[in-house]
Amino acid sequence: MRKQPSVRIFYRKTMIDAPRRLTDFINMQAALQLKPLNQLTAGFDQRREILLSAATLVCFLLGLFFLGVDELREGGFQSVVAIAWVMVGGVVSFLVYSTAKRNQELTKSLQKATESLNDANAQLQFYNESLSETVKKRTEELLFAELQYRSLFDSTAELIFICSADYRVLEVNRAVELFFGWDRNSLQEFNLMQRLAPDDTNRMILAAQQTEKGELVKTELVLKDQRGEPHFFQAEFSPLTFGQSTVSGGFKILLQDITIEKQTRLESEVIIKIGESINRSNSVNEILQRVANELGGLFPSAEMILYQYDDDENTLFLAHASILGVERADLIYRVAEGVPGIAPRTAFLRREFFIEDCLLDESLAYAELFLRQKAAQSLLSIPMIASGDLQGVLQILTLRGKHFSNDEKRLARLIANELAEGLYRKKLSAALTEANKTLGEKNAELEHFVYSVSHDLKAPLISIQGFAAQIQELYFDELDYEARFCLERIRYNAKTMEDMISELLDISRISRENVELDEVYLYEMTSSIMENYRGHIETRKAKVDISPELPAVKFPKRRLEQVMTNLVGNAIRYTAKVKEPKISIYAIENIDNHEIVVKDNGIGIDPKDFDKVFRLFERGESDQAGSGVGLAIVKKVIEQYGGRIWIVSERGAGSEFHFTVKKRA
């Protein structure tokens, strides 16, 4: 009987702990929701129904058990306890049901969230894959762009410097490496400012400061290459940019080598200055003085020394040398072997000499004291030769440690060559002027002689003609046929000689005459001349074509008539043996002159005789009569009034005589 309380206590503890245990079990099931979805949902509905049924059954059984016990029937307290257990069972059942329902709703929400999460993960995976492809593509494009940029950056011939605001070089291209012979990987060892002259350094600083304002600045800089040779550059300073924006804290320098352009321009200026010096000067010594004064500044820290060569005396004398402190007459060398001095040695051997260090060269030992006083460094001595003739010697002496660059040597040679050619042309011009003066005097004497002789010969000829005519009239009946023939020939030849003398007198007057120009209508003049030859034309049935387009010209009328008469007369004379003679006269309009043409289909002229037919008393190969003076007069007249005359012809193919008359206002 005493064992029952223990049993009741056991069952009571069991029933009291049941809700807690059920709650722990539910909490454990809720904790399982954190596991993967496949473990959480598998068999969940079945466990929920079993749990609910088991809890309800236990509570009701306990309640009924207590109601069925006799001891409980005897007291009302036990009934109340039993009812209470039934109510607890209901409450527990309700709690279990509510918890299960919430878990079911949570599970559904979790499933929906999981599905949304899966969808989001799928989209995220798609976006990740797309982003990965885009990044890969952009990376390849950027890499390609970088390769292109680097290729262009390194392939350009211009020197490119990327500099910081404090003038440090941050990046350079391949051209800089080649120019300076320097590795771009050692940027910290390179200082661009140290490669510039002081003036260029100031220009660079000023240009860099202007780039801070976003300005583009252009200037010129001089840099020395790895061999120490100076190069001229067109420098373009610009701010660093990214897209359309300016990046502060640095600038870019683009250097374009303009050394050749600069040298060409400098050489052109040198040639022009030498030409101007030659044209303005009257003597060789004056030319050398001008050249030294105008071009000496091209060689900084140097002195120009010029020697003139006298080929008559075979001597070399000083023309300009302010550094030597001596007069021109005090320094004269004979050009011969063994004469001491670099200048006479240069002149004798006719080759260039270059001495790098004057104080160490034994050939200048005699002038060592002078060279030390002047702080001389290098000497370049160049012979001035033109057409094989020595004109003088050019020397450039550098001072105070100044060494010659290759460009300076090239410039010195150019000056020597141009100066030699100029001096040679000046001498030729002077000789030609003298020859022309002498020739003019001789021509004047010759014209005076021709005039005098012609005038003196004309009087005896007139006497011969007069006496022959008188004999013929007085003794005509007494003379036999042969005597009459001889007298006739005397009169004819005397008349021919008189005409020739008259033509000679006419030629001598052409160059001395000063006549006014007339307005001449060529068509009317030519038609009038043809009337004088009407008998010859009709007899030979010649066809004459005079162009009505012949112009009106300004020319002395008598002289132009003389020209046309001679040319038309020649055309008629040299078509005498042609079956159908034809003569054409027409004009060709040129920009500054009228070109008149007299054309025939006669026997023609051999090209080798073109010059000959215009010479006095000479004629081409022909059996036609003529004095050989007519065409000489034509040429003299045409050239006297600014025109020229020439022939277009071949033997047996007719002739064309062309001459020009200037167009005048």
# chains A, B, ... in the order shown; residues from 1 in each chain; ligands from 1
>>> residues_around(residues="Phe233 of chain A", least_positions_apart="5", cutoff="12 Å", atoms="only C-alpha atoms", output="list in words")
Glu158, Leu159, Ile160, Leu196, Asp200, Lys218, Thr219, Glu220, Leu221, Val222, Leu223, Lys224, Asp225, Ile253, Leu254, Leu255, Gln256, Asp257, Ile258, Thr259, Ile260, Glu261, Lys262 and Gln263 of chain A
>>> select_by_dssp(residues="segment 317-400 of chain A", states="strand (DSSP E)", output="PyMOL selection string")
chain A and resi 317-320+332-334+353-355+376-386+389-399
>>> atom_distance(atom1="atom CA of Lys273 of chain A", atom2="atom CA of Leu295 of chain A")
8.1 Å
>>> atom_distance(atom1="atom CA of Arg345 of chain A", atom2="atom CA of Val393 of chain A")
10.0 Å
>>> closest_residue(among="A:Phe348, A:Phe299, A:Phe126, A:Phe153", to="Lys409 of chain A", atoms="only C-alpha atoms")
A:Phe299
>>> residues_around(residues="Asn173 of chain A", least_positions_apart="2", cutoff="9 Å", atoms="only C-alpha atoms", output="number ranges by chain")
A: 150, 153-156, 158-161, 171, 175-177, 184
>>> residues_around(residues="segment 636-650 of chain A", least_positions_apart="6", cutoff="8 Å", atoms="only C-alpha atoms", output="list in words")
Ile507, Ile510, Ser511, Phe555, Arg559, Val563, Gly604, Ile605, Asp606, Pro607, Phe610, Glu656, Phe657, His658, Phe659, Thr660, Val661 and Lys662 of chain A
>>> residues_around(residues="segment 370-372 of chain A", least_positions_apart="3", cutoff="9 Å", atoms="only C-alpha atoms", output="ChimeraX atom specification")
/A:324,358-359,364,366-367,375-377
>>> atom_distance(atom1="atom CA of Leu411 of chain A", atom2="atom CA of Trp182 of chain A")
28.9 Å
